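Novice: TSV, C-alpha atoms, file upload09.tsv:
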```
chain	number	residue	atom	x	y	z
A	10	MET	CA	-9.74	13.20	18.13
A	11	ILE	CA	-9.45	10.73	15.24
A	12	ALA	CA	-11.91	12.74	13.17
A	13	GLU	CA	-9.85	15.88	13.81
A	14	ARG	CA	-6.62	14.15	12.84
A	15	LEU	CA	-8.22	12.84	9.68
A	16	GLU	CA	-9.30	16.32	8.74
A	17	LYS	CA	-5.76	17.62	9.27
A	18	VAL	CA	-4.37	14.89	7.00
A	19	ARG	CA	-6.95	15.73	4.34
A	20	GLU	CA	-5.94	19.37	4.56
A	21	ARG	CA	-2.26	18.42	4.12
A	22	ILE	CA	-3.26	16.44	1.03
A	23	ARG	CA	-5.25	19.36	-0.33
A	24	LEU	CA	-2.42	21.85	0.21
A	25	SER	CA	0.18	19.50	-1.28
A	26	CYS	CA	-1.95	19.00	-4.38
A	27	GLU	CA	-2.47	22.74	-4.66
A	28	ARG	CA	1.29	23.33	-4.62
A	29	CYS	CA	1.93	20.89	-7.46
A	30	ASP	CA	-1.24	21.62	-9.45
A	31	ARG	CA	-2.86	18.24	-8.88
A	32	ASP	CA	-6.50	17.42	-8.29
A	33	PRO	CA	-6.88	16.18	-4.65
A	34	SER	CA	-9.23	13.47	-5.91
A	35	GLU	CA	-6.19	11.82	-7.54
A	36	VAL	CA	-4.69	11.07	-4.11
A	37	LYS	CA	-6.34	8.33	-2.06
A	38	LEU	CA	-5.83	7.96	1.68
A	39	LEU	CA	-5.10	4.56	3.20
A	40	ALA	CA	-5.42	4.60	7.00
A	41	VAL	CA	-2.83	2.17	8.38
A	42	SER	CA	-4.59	0.56	11.33
A	43	LYS	CA	-1.99	-2.04	12.34
A	44	PHE	CA	-2.25	-2.85	16.08
A	45	HIS	CA	-5.01	-0.28	16.59
A	46	PRO	CA	-8.36	-1.47	18.02
A	47	ALA	CA	-11.49	-1.90	15.98
A	48	GLU	CA	-13.15	0.99	17.84
A	49	SER	CA	-10.52	3.42	16.51
A	50	ILE	CA	-11.11	2.13	13.00
A	51	ARG	CA	-14.86	2.49	13.45
A	52	LEU	CA	-14.41	6.12	14.53
A	53	ALA	CA	-12.30	6.79	11.43
A	54	ALA	CA	-14.91	5.12	9.23
A	55	GLU	CA	-17.65	7.26	10.80
A	56	ALA	CA	-15.53	10.30	9.92
A	57	GLY	CA	-15.58	9.28	6.26
A	58	GLN	CA	-12.46	7.15	5.92
A	59	GLY	CA	-13.15	4.24	3.59
A	60	ALA	CA	-9.87	2.31	3.15
A	61	PHE	CA	-7.71	0.71	5.84
A	62	GLY	CA	-4.37	-1.08	5.61
A	63	GLU	CA	-3.12	-4.00	7.70
A	64	ASN	CA	0.30	-5.71	7.87
A	65	TYR	CA	-0.60	-9.07	9.37
A	66	VAL	CA	-3.02	-11.55	7.85
A	67	GLN	CA	-4.59	-12.81	11.06
A	68	GLU	CA	-5.13	-9.31	12.43
A	69	LEU	CA	-6.65	-8.23	9.11
A	70	LEU	CA	-9.05	-11.16	9.04
A	71	GLY	CA	-10.29	-10.39	12.54
A	72	LYS	CA	-10.97	-6.79	11.63
A	73	VAL	CA	-12.67	-7.75	8.37
A	74	GLU	CA	-15.17	-9.75	10.43
A	75	LEU	CA	-15.88	-6.75	12.66
A	76	LEU	CA	-15.93	-4.11	9.91
A	77	PRO	CA	-16.81	-5.73	6.57
A	78	GLU	CA	-18.25	-2.51	5.17
A	79	VAL	CA	-14.88	-0.77	4.62
A	80	ASP	CA	-12.20	-1.56	2.04
A	81	TRP	CA	-9.30	-3.56	3.44
A	82	HIS	CA	-5.81	-3.45	1.94
A	83	PHE	CA	-2.90	-5.74	2.75
A	84	ILE	CA	0.41	-3.90	3.04
A	85	GLY	CA	2.64	-6.34	4.94
A	86	ALA	CA	5.10	-8.99	3.84
A	87	LEU	CA	3.20	-11.31	1.49
A	88	GLN	CA	3.84	-14.91	2.54
A	89	THR	CA	2.96	-17.44	-0.14
A	90	ASN	CA	1.42	-19.85	2.37
A	91	LYS	CA	-0.95	-17.12	3.65
A	92	ILE	CA	-2.21	-15.93	0.26
A	93	ARG	CA	-5.24	-18.23	0.32
A	94	LYS	CA	-6.51	-16.40	3.42
A	95	LEU	CA	-6.56	-13.07	1.60
A	96	VAL	CA	-8.70	-14.24	-1.31
A	97	GLY	CA	-11.98	-12.35	-1.40
A	98	LYS	CA	-11.05	-10.30	1.67
A	99	VAL	CA	-8.97	-7.41	0.33
A	100	ALA	CA	-9.50	-4.67	-2.21
A	101	LEU	CA	-5.79	-4.31	-2.96
A	102	ILE	CA	-2.51	-6.01	-2.07
A	103	HIS	CA	0.31	-3.45	-1.98
A	104	SER	CA	3.24	-5.77	-1.38
A	105	LEU	CA	3.64	-8.40	-4.10
A	106	ASP	CA	7.37	-8.71	-4.84
A	107	LYS	CA	7.95	-12.22	-6.21
A	108	ARG	CA	6.80	-14.14	-9.29
A	109	LYS	CA	5.82	-17.14	-7.16
A	110	GLN	CA	3.40	-14.94	-5.20
A	111	ALA	CA	1.68	-13.90	-8.42
A	112	ILE	CA	1.42	-17.53	-9.50
A	113	GLU	CA	-0.05	-18.58	-6.14
A	114	LEU	CA	-2.51	-15.69	-6.26
A	115	GLU	CA	-3.65	-16.80	-9.71
A	116	LYS	CA	-4.20	-20.34	-8.45
A	117	ARG	CA	-6.22	-19.24	-5.42
A	118	ALA	CA	-8.12	-16.42	-7.14
A	119	SER	CA	-9.05	-18.63	-10.08
A	120	ALA	CA	-10.51	-21.26	-7.76
A	121	ALA	CA	-12.61	-18.57	-6.07
A	122	ASP	CA	-13.60	-16.82	-9.33
A	123	TRP	CA	-12.10	-13.62	-7.93
A	124	THR	CA	-9.64	-11.06	-9.30
A	125	ALA	CA	-6.66	-10.17	-7.13
A	126	ARG	CA	-5.63	-6.54	-7.58
A	127	VAL	CA	-2.03	-5.90	-6.66
A	128	LEU	CA	0.80	-3.41	-6.57
A	129	VAL	CA	4.36	-4.59	-7.10
A	130	GLU	CA	6.57	-3.53	-4.21
A	131	VAL	CA	9.92	-2.18	-5.42
A	132	ASN	CA	12.99	-1.68	-3.25
A	133	VAL	CA	14.08	1.41	-5.17
A	134	GLY	CA	17.03	2.02	-2.84
A	135	GLU	CA	18.05	-1.66	-3.13
A	136	GLU	CA	18.59	-1.83	0.64
A	137	ALA	CA	19.70	-5.24	1.86
A	138	SER	CA	17.42	-5.05	4.91
A	139	LYS	CA	14.31	-3.98	3.01
A	140	ARG	CA	11.83	-6.23	1.28
A	141	GLY	CA	10.71	-5.52	-2.27
A	142	CYS	CA	12.04	-6.50	-5.68
A	143	THR	CA	14.61	-4.64	-7.74
A	144	PRO	CA	13.43	-2.46	-10.64
A	145	ALA	CA	14.58	-5.15	-13.10
A	146	GLN	CA	12.67	-7.85	-11.19
A	147	ALA	CA	9.57	-5.62	-11.17
A	148	GLU	CA	9.51	-5.75	-14.95
A	149	GLU	CA	9.78	-9.56	-14.88
A	150	ILE	CA	6.97	-9.85	-12.33
A	151	LEU	CA	4.71	-7.55	-14.33
A	152	HIS	CA	5.41	-9.61	-17.44
A	153	GLU	CA	4.34	-12.72	-15.50
A	154	ILE	CA	1.16	-11.03	-14.30
A	155	GLU	CA	0.19	-10.08	-17.85
A	156	GLY	CA	-0.41	-13.78	-18.48
A	157	LEU	CA	-2.50	-14.36	-15.34
A	158	PRO	CA	-6.23	-13.75	-15.92
A	159	HIS	CA	-7.12	-13.48	-12.22
A	160	VAL	CA	-4.31	-11.15	-11.15
A	161	GLU	CA	-4.35	-7.48	-12.12
A	162	ALA	CA	-1.36	-5.20	-11.53
A	163	LEU	CA	-2.53	-1.64	-10.87
A	164	GLY	CA	0.83	-0.04	-10.13
A	165	LEU	CA	3.87	0.07	-7.85
A	166	MET	CA	4.62	0.56	-4.15
A	167	SER	CA	7.77	1.56	-2.27
A	168	MET	CA	9.06	2.31	1.22
A	169	PRO	CA	12.03	4.70	1.52
A	170	PRO	CA	14.57	4.25	4.35
A	171	PHE	CA	12.91	4.94	7.70
A	172	GLU	CA	15.68	7.18	9.01
A	173	LEU	CA	15.31	9.83	6.31
A	174	ASN	CA	13.51	13.10	6.90
A	175	ALA	CA	10.65	14.14	4.64
A	176	ASP	CA	12.57	15.88	1.90
A	177	GLN	CA	15.30	13.22	1.86
A	178	THR	CA	12.66	10.70	0.76
A	179	ARG	CA	11.91	12.67	-2.41
A	180	PRO	CA	14.51	10.93	-4.64
A	181	TYR	CA	13.02	7.52	-3.73
A	182	HIS	CA	9.50	8.66	-4.63
A	183	ARG	CA	10.79	10.19	-7.84
A	184	ALA	CA	12.63	6.97	-8.74
A	185	LEU	CA	9.44	4.93	-8.34
A	186	ARG	CA	7.47	7.34	-10.51
A	187	ARG	CA	10.15	7.29	-13.19
A	188	LEU	CA	10.19	3.48	-13.13
A	189	ARG	CA	6.40	3.47	-13.54
A	190	ASP	CA	6.61	5.99	-16.38
A	191	ASP	CA	9.29	3.93	-18.11
A	192	LEU	CA	7.23	0.74	-17.85
A	193	GLN	CA	4.20	2.54	-19.20
A	194	GLN	CA	6.09	3.87	-22.19
A	195	ARG	CA	8.13	0.78	-23.04
A	196	LYS	CA	5.62	-1.94	-22.16
A	197	GLY	CA	2.30	-0.16	-22.60
A	198	LEU	CA	1.26	-1.05	-19.05
A	199	ALA	CA	-1.46	1.02	-17.38
A	200	LEU	CA	0.05	1.10	-13.85
A	201	GLN	CA	-2.00	4.06	-12.69
A	202	GLU	CA	-1.27	3.64	-8.98
A	203	LEU	CA	1.78	4.69	-6.96
A	204	SER	CA	1.60	3.78	-3.26
A	205	MET	CA	4.20	5.89	-1.47
A	206	GLY	CA	4.33	8.39	1.36
A	207	LEU	CA	3.75	8.05	5.10
A	208	SER	CA	2.73	10.41	7.90
A	209	HIS	CA	6.02	12.31	7.87
A	210	ASP	CA	6.58	12.55	4.11
A	211	LEU	CA	3.19	12.64	2.41
A	212	GLU	CA	3.95	16.08	0.90
A	213	PRO	CA	7.00	15.12	-1.21
A	214	ALA	CA	5.30	11.83	-2.11
A	215	ILE	CA	2.26	13.66	-3.48
A	216	GLU	CA	4.45	16.16	-5.29
A	217	GLU	CA	6.27	13.26	-6.95
A	218	GLY	CA	3.06	11.53	-8.06
A	219	ALA	CA	1.67	9.35	-5.25
A	220	THR	CA	-1.89	8.14	-5.78
A	221	TRP	CA	-2.08	6.20	-2.48
A	222	ILE	CA	-0.55	7.51	0.73
A	223	ARG	CA	-0.32	5.20	3.74
A	224	ILE	CA	-0.99	7.13	6.95
A	225	GLY	CA	-1.02	5.60	10.43
A	226	THR	CA	0.38	7.78	13.21
A	227	ALA	CA	-1.06	11.06	11.92
A	228	ILE	CA	-4.55	9.50	12.12
A	229	PHE	CA	-4.46	7.03	15.01
A	230	GLY	CA	-1.60	8.40	17.13
A	231	SER	CA	1.28	6.32	18.46
A	232	ARG	CA	1.01	2.64	17.67
A	233	PRO	CA	0.78	0.10	20.53
A	234	THR	CA	4.07	-1.77	20.92
A	235	ALA	CA	2.69	-5.30	21.23
A	236	LYS	CA	3.33	-7.41	18.16
A	237	PRO	CA	1.55	-10.54	16.89
A	238	THR	CA	3.13	-13.89	17.51
A	239	GLN	CA	4.40	-15.99	14.60
A	240	GLU	CA	1.07	-17.84	14.55
A	241	GLU	CA	-0.86	-14.57	14.36
A	242	THR	CA	1.00	-13.17	11.37
```
Written as structure tokens, how would this file's structure read?
Specialist:
Amino acid sequence: MIAERLEKVRERIRLSCERCDRDPSEVKLLAVSKFHPAESIRLAAEAGQGAFGENYVQELLGKVELLPEVDWHFIGALQTNKIRKLVGKVALIHSLDKRKQAIELEKRASAADWTARVLVEVNVGEEASKRGCTPAQAEEILHEIEGLPHVEALGLMSMPPFELNADQTRPYHRALRRLRDDLQQRKGLALQELSMGLSHDLEPAIEEGATWIRIGTAIFGSRPTAKPTQEET
């Protein structure tokens, strides 16, 4: 079942790229495995999925121990006091949104002789209830990162309002791409990656330039409702 769902997602990616004249290899699939058991992840890996995203540090660390051969990404709220636990464990952090997080990453990564690769999470809709920095703060954070030898910013990430349907998310994806393009042109930053698009809106996200799409339900089915305790996060 998971292999079949993966294939359907890959076909959606292929068709979306075809519509907007993009090479499907430009769009990478992150399987969001939050709350799903290791066996489901193993089945996805056996079906060719190589990158998995987790929201909670403790849950991620447990799964890294069970499945060290895949690439793990952290996509949840980045707590400064938990950063040390991510060092050497993740291929990419999608959710850096404060200067102090970048500074703490530099401290921890330097001590481990490791490079932390990150995306800056931007609250493009500037919703009060949503995490992520403002576009202006993103520029400040990226300027900070430029001076940190063990932190590398690869691009930007965003999360449109949950209540919107697929096509209503398009302006948010477009705004993130335009912010990235502006930072590239004005600051000369590479910022090749745009992490945006979920199970319900991967098509408009790809059409607006996504390079990482974060897919959970369309691969693993409905997510279990149990949530980690404060100690587990």
Novice: To one decimal in Å, tell me the separation between CA of Asn90 in chain A and CA of Arg223 in chain A.
Specialist: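 If I compute the distance from CA of Asn90 in chain A to CA of Arg223 in chain A, I get 25.1 Å.
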Novice: Please, what distance in Å, to one decimal, runs between CA of Pro233 in chain A and CA of Tyr65 in chain A?
Specialist: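 We find that CA of Pro233 in chain A and CA of Tyr65 in chain A lie 14.5 Å from each other.
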Novice: Could you tell me how far CA of Phe61 in chain A lies from CA of Ala40 in chain A, in Å and to one decimal?
Specialist: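 Computing the Euclidean distance for CA of Phe61 in chain A and CA of Ala40 in chain A yields 4.7 Å.
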Novice: Which residue is closest to Leu52 in chain A? Choose from A:Ala86, A:Ile11, A:Glu153, A:Leu105 and count all atoms listed in the file.
Specialist: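 Ranked by minimum distance to Leu52 in chain A, first place goes to A:Ile11.
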Novice: Using all atoms listed in the file, which residues of range 113-220 of chain A come within 10 Å of range 17-39 of chain A, and what is the closest atom pair for each, with the distance in Å to one decimal? Give it as a tab-separated table, sorted by chain and residue number.
Specialist:
```
residue	atom	partner	partner_atom	distance
A:Glu202	CA	A:Val36	CA	9.5
A:Leu203	CA	A:Val36	CA	9.5
A:Ser204	CA	A:Lys37	CA	9.2
A:Leu207	CA	A:Leu39	CA	9.7
A:Ser208	CA	A:Val18	CA	8.4
A:Leu211	CA	A:Ile22	CA	7.6
A:Glu212	CA	A:Ser25	CA	5.5
A:Pro213	CA	A:Ser25	CA	8.1
A:Ala214	CA	A:Ser25	CA	9.3
A:Ile215	CA	A:Ser25	CA	6.6
A:Glu216	CA	A:Cys29	CA	5.8
A:Glu217	CA	A:Cys29	CA	8.8
A:Gly218	CA	A:Val36	CA	8.7
A:Ala219	CA	A:Val36	CA	6.7
A:Thr220	CA	A:Val36	CA	4.4
```
Novice: Residues around (10.8, 4.7, 2.8), cut-off 8 Å, counting only C-alpha atoms - what are they as an MDAnalysis selection string?
Specialist: chainID A and resid 167:171 173 178 181 205:206
Novice: Keeping only C-alpha atoms, write the selected residues as a PDB file, in the coordinates of the input.
Specialist:
```pdb
ATOM      1  CA  SER A 167       7.770   1.560  -2.270  1.00  0.00           C
ATOM      2  CA  MET A 168       9.060   2.310   1.220  1.00  0.00           C
ATOM      3  CA  PRO A 169      12.030   4.700   1.520  1.00  0.00           C
ATOM      4  CA  PRO A 170      14.570   4.250   4.350  1.00  0.00           C
ATOM      5  CA  PHE A 171      12.910   4.940   7.700  1.00  0.00           C
ATOM      6  CA  LEU A 173      15.310   9.830   6.310  1.00  0.00           C
ATOM      7  CA  THR A 178      12.660  10.700   0.760  1.00  0.00           C
ATOM      8  CA  TYR A 181      13.020   7.520  -3.730  1.00  0.00           C
ATOM      9  CA  MET A 205       4.200   5.890  -1.470  1.00  0.00           C
ATOM     10  CA  GLY A 206       4.330   8.390   1.360  1.00  0.00           C
TER      11      GLY A 206
END
```
Novice: Quick one: everything within 12 Å of Leu87 in chain A, counting only C-alpha atoms, minus sequence neighbours fewer than 4 positions away in the same chain. Send it as a PyMOL selection string.
Specialist: chain A and resi 63-66+82-83+91-95+102-111+113-114+127-130+140-141+242
Novice: Anything within 12 Å of (10.3, -6.6, -15.9): list those residues as a PyMOL selection string, counting only C-alpha atoms and sticking to the file's coordinates.
Specialist: chain A and resi 106-108+129+131+142-155+188-189+191-193+195-196+198
Novice: Choose the residue, out of A:Arg232, A:Arg126, A:Lys98, A:His182, that has the smallest atom-to-atom separation from His45 in chain A; count only C-alpha atoms.
Specialist: A:Arg232
